[in-house]
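The structure file target.txt is reproduced below (compact mmCIF, C-alpha atoms and all ligand atoms).
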```txt
# COMPACT_ATOMS: atom_id res chain seq x y z
CA MET K 1 7.45 7.74 -17.35
CA ILE K 2 5.95 6.35 -14.17
CA ASP K 3 6.99 3.41 -11.93
CA LEU K 4 5.05 2.90 -8.70
CA HIS K 5 6.76 -0.26 -7.39
CA LEU K 6 10.40 -0.01 -6.28
CA HIS K 7 12.41 -1.47 -3.39
CA THR K 8 15.41 -0.09 -1.47
CA THR K 9 17.79 -1.21 1.27
CA ALA K 10 15.11 -0.22 3.82
CA SER K 11 13.72 -3.70 3.00
CA ASP K 12 15.05 -6.20 0.45
CA GLY K 13 16.23 -3.93 -2.39
CA ALA K 14 19.87 -3.59 -3.42
CA CYS K 15 20.01 0.21 -3.80
CA ALA K 16 19.98 2.83 -1.07
CA PRO K 17 16.99 5.20 -1.50
CA ALA K 18 19.08 8.07 -2.95
CA THR K 19 20.83 5.73 -5.40
CA LEU K 20 17.52 4.25 -6.48
CA VAL K 21 16.06 7.69 -7.19
CA GLN K 22 19.15 8.69 -9.16
CA ARG K 23 18.98 5.49 -11.21
CA ALA K 24 15.25 5.89 -11.78
CA TRP K 25 15.86 9.39 -13.09
CA MET K 26 18.67 8.16 -15.37
CA SER K 27 16.26 5.52 -16.70
CA GLY K 28 13.79 8.21 -17.74
CA LEU K 29 11.34 7.86 -14.85
CA ARG K 30 9.82 11.13 -13.65
CA THR K 31 7.13 9.90 -11.22
CA ILE K 32 8.02 7.07 -8.86
CA ALA K 33 6.92 5.42 -5.63
CA VAL K 34 9.33 3.69 -3.25
CA THR K 35 7.38 0.69 -1.92
CA ASP K 36 9.43 -1.17 0.64
CA HIS K 37 7.96 -4.14 2.50
CA ASP K 38 6.21 -2.98 5.70
CA THR K 39 8.39 0.09 6.16
CA THR K 40 8.42 3.77 5.19
CA ALA K 41 12.02 4.17 6.42
CA GLY K 42 13.36 4.87 2.91
CA LEU K 43 10.90 7.65 2.08
CA ALA K 44 12.70 10.62 3.67
CA GLU K 45 16.02 9.98 1.90
CA ALA K 46 14.14 9.21 -1.35
CA ALA K 47 12.23 12.49 -1.05
CA ARG K 48 15.45 14.51 -0.67
CA ALA K 49 16.97 12.83 -3.74
CA ALA K 50 13.72 13.25 -5.69
CA ALA K 51 13.80 17.00 -4.99
CA THR K 52 17.38 17.16 -6.27
CA TYR K 53 16.58 15.36 -9.52
CA GLY K 54 13.18 16.90 -10.15
CA VAL K 55 11.47 13.51 -9.82
CA ARG K 56 7.99 13.33 -8.32
CA LEU K 57 7.95 10.91 -5.36
CA VAL K 58 4.60 9.48 -4.31
CA ASN K 59 4.55 8.09 -0.76
CA GLY K 60 4.35 4.32 -1.09
CA ILE K 61 4.68 1.00 0.71
CA GLU K 62 4.12 -2.72 0.09
CA ILE K 63 2.24 -4.25 3.01
CA THR K 64 1.92 -7.99 3.63
CA SER K 65 -1.63 -9.05 4.43
CA VAL K 66 -2.79 -12.61 4.96
CA VAL K 67 -5.63 -14.58 3.35
CA ASP K 68 -6.12 -18.24 4.39
CA THR K 69 -2.54 -18.39 5.81
CA ARG K 70 -1.08 -17.13 2.51
CA ASP K 71 0.74 -13.80 2.11
CA VAL K 72 -1.07 -11.31 -0.13
CA HIS K 73 0.99 -8.23 -0.99
CA LEU K 74 -0.81 -4.88 -1.05
CA LEU K 75 0.57 -1.58 -2.32
CA ALA K 76 -0.48 1.64 -0.61
CA TYR K 77 -0.04 5.16 -1.97
CA PHE K 78 -0.60 8.83 -1.10
CA PHE K 79 -0.94 8.13 2.66
CA ASP K 80 0.51 10.25 5.45
CA PRO K 81 3.64 8.38 6.67
CA GLU K 82 3.34 10.17 10.02
CA ASP K 83 -0.11 8.69 10.74
CA ARG K 84 0.10 7.15 14.22
CA ALA K 85 -2.12 4.09 13.69
CA LEU K 86 -0.36 3.20 10.41
CA HIS K 87 3.02 3.70 12.06
CA ASP K 88 2.14 1.38 14.97
CA PHE K 89 0.70 -1.25 12.63
CA LEU K 90 3.87 -1.26 10.50
CA ARG K 91 6.11 -1.50 13.54
CA ALA K 92 4.20 -4.63 14.62
CA GLN K 93 4.58 -6.06 11.10
CA ARG K 94 8.35 -5.59 11.30
CA THR K 95 8.55 -7.20 14.76
CA ASP K 96 6.61 -10.12 13.31
CA ARG K 97 9.17 -10.32 10.46
CA GLN K 98 11.99 -10.57 13.03
CA GLU K 99 10.19 -13.39 14.84
CA ARG K 100 9.61 -15.14 11.54
CA ALA K 101 13.29 -14.81 10.57
CA ARG K 102 14.27 -16.44 13.89
CA GLU K 103 11.77 -19.26 13.31
CA ILE K 104 13.04 -19.79 9.74
CA GLY K 105 16.58 -19.90 11.21
CA ARG K 106 15.51 -22.61 13.70
CA ARG K 107 13.90 -24.65 10.93
CA LEU K 108 16.96 -24.36 8.71
CA ALA K 109 19.14 -25.58 11.58
CA ASP K 110 16.79 -28.54 12.08
CA LEU K 111 17.11 -29.29 8.37
CA GLY K 112 20.89 -29.40 8.71
CA LYS K 113 21.37 -26.06 6.94
CA PRO K 114 22.33 -23.67 9.72
CA VAL K 115 22.80 -20.00 8.81
CA ASP K 116 24.05 -17.09 10.87
CA LEU K 117 21.22 -14.56 10.98
CA THR K 118 22.90 -12.50 13.72
CA PRO K 119 24.05 -9.63 11.45
CA LEU K 120 20.53 -9.35 10.03
CA LEU K 121 18.80 -9.46 13.42
CA ASP K 122 21.36 -7.03 14.87
CA ARG K 123 20.62 -4.56 12.08
CA ALA K 124 16.88 -4.89 12.73
CA ALA K 125 17.45 -4.25 16.44
CA ALA K 126 19.63 -1.20 15.77
CA GLU K 127 17.46 0.22 12.98
CA PRO K 128 13.76 -0.12 13.85
CA GLY K 129 12.74 1.01 10.35
CA PHE K 130 14.61 -1.84 8.64
CA SER K 131 12.34 -4.62 7.42
CA ILE K 132 13.79 -8.16 7.32
CA GLY K 133 12.79 -10.22 4.29
CA ARG K 134 13.41 -13.70 3.01
CA PRO K 135 15.82 -12.56 0.25
CA ALA K 136 18.38 -11.76 2.98
CA ILE K 137 17.91 -15.24 4.43
CA ALA K 138 18.32 -16.66 0.91
CA GLN K 139 21.61 -14.75 0.69
CA ALA K 140 22.71 -16.16 4.07
CA LEU K 141 22.04 -19.67 2.70
CA VAL K 142 24.22 -18.88 -0.33
CA ASP K 143 26.97 -17.42 1.89
CA ALA K 144 26.90 -20.54 4.09
CA GLY K 145 27.41 -22.70 0.98
CA HIS K 146 24.09 -24.57 1.37
CA VAL K 147 22.69 -23.48 -2.01
CA ALA K 148 24.20 -22.20 -5.27
CA ASP K 149 22.00 -19.10 -5.56
CA ARG K 150 19.10 -17.25 -3.97
CA ASN K 151 16.47 -18.66 -6.33
CA THR K 152 17.49 -22.19 -5.32
CA ALA K 153 17.12 -21.16 -1.68
CA PHE K 154 13.50 -20.15 -2.36
CA ASP K 155 12.76 -23.18 -4.56
CA THR K 156 14.10 -25.74 -2.10
CA LEU K 157 13.89 -24.23 1.39
CA ILE K 158 12.24 -20.90 2.15
CA GLY K 159 9.80 -20.23 -0.71
CA ASP K 160 6.05 -20.51 -0.06
CA GLY K 161 5.18 -24.07 0.91
CA ARG K 162 8.82 -25.19 1.23
CA PRO K 163 10.07 -26.90 4.45
CA ALA K 164 11.56 -23.81 6.13
CA CYS K 165 8.79 -21.41 5.10
CA VAL K 166 6.91 -20.15 8.14
CA GLN K 167 3.17 -19.62 7.62
CA ARG K 168 1.90 -16.35 8.93
CA SER K 169 -1.16 -15.01 10.59
CA GLY K 170 -1.84 -11.33 10.10
CA ALA K 171 -4.22 -8.59 9.02
CA SER K 172 -6.68 -9.23 6.18
CA PRO K 173 -6.61 -7.05 3.04
CA ALA K 174 -9.76 -5.27 4.24
CA GLU K 175 -8.16 -4.51 7.62
CA VAL K 176 -5.04 -3.14 5.94
CA ALA K 177 -7.19 -1.05 3.59
CA ALA K 178 -9.05 0.48 6.54
CA ILE K 179 -5.78 1.50 8.24
CA VAL K 180 -4.35 2.97 5.03
CA ARG K 181 -7.53 4.88 4.16
CA ARG K 182 -7.67 6.41 7.64
CA ALA K 183 -4.11 7.61 6.90
CA GLY K 184 -5.41 9.26 3.70
CA GLY K 185 -4.12 6.64 1.26
CA ILE K 186 -5.38 4.07 -1.21
CA VAL K 187 -4.59 0.37 -1.63
CA SER K 188 -3.83 -1.69 -4.73
CA LEU K 189 -3.59 -5.48 -5.03
CA ALA K 190 0.09 -6.14 -5.88
CA HIS K 191 1.16 -8.46 -8.75
CA PRO K 192 -2.06 -10.52 -8.84
CA VAL K 193 -0.43 -13.05 -11.19
CA LEU K 194 1.63 -14.30 -8.23
CA LEU K 195 -1.49 -15.31 -6.26
CA ARG K 196 -1.88 -19.08 -6.18
CA ASP K 197 -5.69 -18.82 -6.13
CA GLN K 198 -6.64 -16.72 -9.19
CA ALA K 199 -10.34 -17.06 -8.40
CA SER K 200 -9.74 -14.97 -5.27
CA VAL K 201 -8.44 -11.96 -7.26
CA PRO K 202 -11.84 -10.20 -7.71
CA THR K 203 -12.89 -11.06 -4.13
CA ILE K 204 -9.74 -9.58 -2.61
CA ALA K 205 -9.60 -6.60 -5.00
CA SER K 206 -13.20 -5.61 -4.36
CA ALA K 207 -12.21 -4.57 -0.81
CA LEU K 208 -9.48 -2.31 -2.26
CA ASP K 209 -9.12 0.76 -4.50
CA ALA K 210 -7.00 -0.56 -7.35
CA ILE K 211 -5.26 -3.51 -9.00
CA GLU K 212 -1.60 -3.56 -10.02
CA VAL K 213 -2.23 -4.30 -13.69
CA VAL K 214 1.26 -3.40 -14.93
CA HIS K 215 4.08 -5.53 -13.40
CA SER K 216 7.31 -7.18 -14.59
CA GLU K 217 5.86 -10.65 -14.05
CA HIS K 218 2.72 -9.90 -16.10
CA GLU K 219 2.54 -11.14 -19.69
CA PRO K 220 0.48 -9.02 -22.11
CA ASP K 221 -2.49 -11.38 -21.60
CA ASP K 222 -2.28 -10.94 -17.81
CA THR K 223 -2.22 -7.17 -18.22
CA ARG K 224 -5.35 -7.28 -20.40
CA ARG K 225 -7.17 -9.66 -18.07
CA TYR K 226 -6.46 -7.68 -14.89
CA ARG K 227 -7.31 -4.42 -16.61
CA ALA K 228 -10.71 -5.92 -17.46
CA THR K 229 -11.13 -7.09 -13.84
CA ALA K 230 -10.34 -3.61 -12.55
CA ALA K 231 -12.82 -2.03 -14.97
CA ALA K 232 -15.56 -4.53 -14.05
CA LEU K 233 -15.10 -3.78 -10.34
CA GLY K 234 -14.84 -0.01 -10.88
CA LEU K 235 -11.26 0.03 -9.57
CA ALA K 236 -8.27 2.15 -10.53
CA VAL K 237 -5.10 0.68 -12.06
CA SER K 238 -1.56 0.88 -10.66
CA GLY K 239 1.72 -0.45 -11.98
CA GLY K 240 5.46 -0.66 -11.70
CA SER K 241 8.54 -2.79 -12.15
CA ASP K 242 9.03 -4.23 -8.62
CA PHE K 243 12.74 -3.50 -9.12
CA HIS K 244 14.92 -4.96 -6.31
CA GLY K 245 18.31 -4.46 -7.98
CA GLU K 246 20.12 -6.56 -10.57
CA THR K 247 19.34 -9.94 -9.02
CA ARG K 248 19.92 -12.97 -11.21
CA GLY K 249 16.99 -14.00 -13.35
CA THR K 250 14.89 -10.93 -12.57
CA ARG K 251 12.64 -9.43 -15.22
CA ALA K 252 12.36 -6.15 -13.33
CA VAL K 253 14.38 -3.49 -15.15
CA LEU K 254 14.10 0.26 -14.53
CA GLY K 255 12.34 2.30 -17.21
CA ILE K 256 10.81 -0.67 -19.08
CA VAL K 257 7.63 -1.54 -17.16
CA THR K 258 5.79 1.72 -16.69
CA LEU K 259 2.30 2.91 -15.81
CA PRO K 260 0.46 4.95 -18.48
CA ASP K 261 -0.11 8.61 -17.55
CA ASP K 262 -3.92 8.28 -17.75
CA ASP K 263 -3.91 5.43 -15.23
CA PHE K 264 -1.81 7.47 -12.84
CA ALA K 265 -4.17 10.44 -13.19
CA ALA K 266 -7.15 8.19 -12.36
CA LEU K 267 -5.30 6.71 -9.38
CA GLU K 268 -4.56 10.17 -8.06
CA THR K 269 -8.19 11.24 -8.52
CA ARG K 270 -9.25 8.18 -6.53
CA ALA K 271 -6.81 9.07 -3.75
CA ARG K 272 -8.24 12.60 -3.57
CA ALA K 273 -11.73 11.13 -3.20
CA VAL K 274 -10.57 8.90 -0.32
CA LYS K 275 -8.84 11.83 1.40
CA GLY K 276 -12.00 13.91 1.01
CA SER K 277 -14.26 11.21 2.48
CA SER K 278 -11.98 10.36 5.41
CA ARG K 279 -12.09 13.89 6.75
P1 LIG K 301 9.09 -11.68 2.50
O1 LIG K 301 8.78 -10.22 2.48
O2 LIG K 301 10.05 -12.07 3.59
O3 LIG K 301 7.86 -12.55 2.49
O4 LIG K 301 9.85 -11.98 1.14
C1 LIG K 301 9.18 -11.68 -0.06
C2 LIG K 301 10.18 -11.31 -1.12
O5 LIG K 301 10.98 -12.42 -1.43
C3 LIG K 301 9.52 -10.91 -2.44
O6 LIG K 301 9.26 -9.56 -2.50
C4 LIG K 301 10.58 -11.29 -3.44
O7 LIG K 301 11.54 -10.25 -3.53
C5 LIG K 301 11.25 -12.48 -2.82
N1 LIG K 301 10.72 -13.78 -3.29
C6 LIG K 301 9.57 -14.38 -2.91
N2 LIG K 301 9.43 -15.59 -3.50
C7 LIG K 301 10.53 -15.76 -4.27
C8 LIG K 301 10.99 -16.81 -5.14
N3 LIG K 301 10.28 -17.94 -5.31
N4 LIG K 301 12.17 -16.63 -5.77
C9 LIG K 301 12.90 -15.51 -5.59
N5 LIG K 301 12.51 -14.48 -4.80
C10 LIG K 301 11.36 -14.60 -4.14
ZN ZN K 302 10.71 -7.86 -2.07
FE FE K 303 5.48 -8.27 -3.61
FE FE K 304 7.54 -5.64 -4.33
```
Turn this file's structure into C-alpha cells for me.
Amino acid sequence: MIDLHLHTTASDGACAPATLVQRAWMSGLRTIAVTDHDTTAGLAEAARAAATYGVRLVNGIEITSVVDTRDVHLLAYFFDPEDRALHDFLRAQRTDRQERAREIGRRLADLGKPVDLTPLLDRAAAEPGFSIGRPAIAQALVDAGHVADRNTAFDTLIGDGRPACVQRSGASPAEVAAIVRRAGGIVSLAHPVLLRDQASVPTIASALDAIEVVHSEHEPDDTRRYRATAAALGLAVSGGSDFHGETRGTRAVLGIVTLPDDDFAALETRARAVKGSSR
C-alpha cells in the first residue's frame, strides 16, 4: 500500500520521522513519502527508519505557493533534497513562516488573545530545518485558554480569512514547479477540494505534473472528478492521507487512504521523464 502525503514533527505533524515510518509500516504501508511543509528536515531520519523496516521512502515535500493572495499547497516528489536552489528557496519560505507567526502573534494580542510564541520561535531559531505552522499557534491559543480546541482556533481566529490570519505573498505554482523540476522532481496539486475557487483547479494544475486525486478530505465524487480532470489535462495522479497525528476530528488515518499501484507507477514514469529532460 502507498501513501504519499504524511507530516512529521519537522513541520506540524505529531510523530517524529522514525515513529511515523514505524507506524506507517505497522499500518501496512510499503511505499511512503514524508511531505512536511516547506522543509526536508525529516527526510534523513525517515530514510534511516525506512531502511530498517523495508519501506520504500520517496523524497517528498509540501510547498506553499500563492495564487491571488491565497495559499495553494503543492506536493513535490523524487527531487534531490541537496539541490542548492531548492534548498535556498525553502529556507526563505521558512523565514517567511517565522515572520508570519510573529505577525499573527501581534494580531492576536491586538484582539485581546495574547499567546506566548517564544518557545516556537526559539525552536525555529535553534533548528533552521523546523517549519512553523498555524497548528502550533492554534495549540498555543488552546494552552492560553482562549479557545476550547485547535479547530475553534482556526474557525474563529487564524483560519483563512479570519481576523488573525496573515495574507501572504509568495511564489506562484509555476515558479515552484520550475524550481522543483530543476531539482529533478515533479509537482502535484495538493488536496484540490480545499481550494476555495474550484474553477482555478485546471488552470493551476496545467502548470504542474499531477493532481492529488486521492486524499482524506475527498469524497468518492471528488476523487472521480479530479481523476477526470487529470486525464483531460494529461497529468499523473498522486495521493495520500495527509496524516498529521491523531488530532481531533481528523479523517486522516494511516493505511486507509492509499494510492493505487498503477497510479504510482505512472507518477514514477513521469518523474523519470522530467529527470531525463532536465539534464
Ligand atoms: P500553515 O502551513 O501555517 O499555513 O498551516 C496549514 C496547516 O494548518 C494545514 O496543513 C492543516 O494542518 C492546518 N489547517 C489549516 N486550516 C485548518 C482548519 N480550518 N482547521 C484545522 N486545521 C487547519
Ligand atoms: Zn499541515
Ligand atoms: Fe496541505
Ligand atoms: Fe499536508
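Near ligand FE 304 (chain K), at a distance of at most 10 Å and with all atoms listed in the file counted, sit the residues Leu4, His5, Leu6, His7, Ser11, Asp12, Gly13, Val34, Thr35, Asp36, His37, Ile61, Glu62, Ile63, His73, Leu74, Leu75, Ala190, His191, His215, Gly240, Ser241, Asp242, Phe243 and His244 of chain K.
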Compile the contact shell of stretch 198-208 of chain K as a list in words: residues with an atom at most 8 Å away, counting all atoms listed in the file, same-chain residues fewer than 4 positions apart removed. Pro173, Ala174, Ala177, Ile186, Val187, Ser188, Leu189, Pro192, Val193, Thr229, Leu233 and Leu235 of chain K
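With all atoms listed in the file as the atoms that count, the minimum distance from K:Trp25 to the choices K:Thr39, K:Ser131, K:Thr52, K:Thr152 is reached by K:Thr52.
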Kindly provide, as a PyMOL selection string, all nucleotide and amino acid residues lying within 8 Å of ligand LIG 301 (chain K), counting only C-alpha atoms and all ligand atoms. chain K and resi 12-13+37+64+71+97+132-135+150-155+159-160+244
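Atom CA of K:Gln139 lies 26.4 Å from atom CA of K:Gly255.
For the residues K:Pro17, K:Gly54, K:Gly185, K:Pro220, ranking by smallest atom-to-atom distance to K:Phe79 using only C-alpha atoms places K:Gly185 first.
Counting from atom CA of K:Ser238, the distance to atom CA of K:Val213 is 6.0 Å.
The nearest approach to K:Asp209 among the residues K:Arg181, K:Arg100, K:Arg162, K:His87, with all atoms listed in the file taken into account, belongs to K:Arg181.
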So which residues touch stretch 164-169 of chain K within 10 Å, counting all atoms listed in the file, skipping near sequence neighbours fewer than 3 positions away, as number ranges by chain? K: 64-71, 96-97, 100-101, 103-111, 134, 153-154, 156-161, 172
K:Pro163 proximity check over K:Arg182, K:Glu268, K:Lys113, K:Asp122, using all atoms listed in the file: winner is K:Lys113
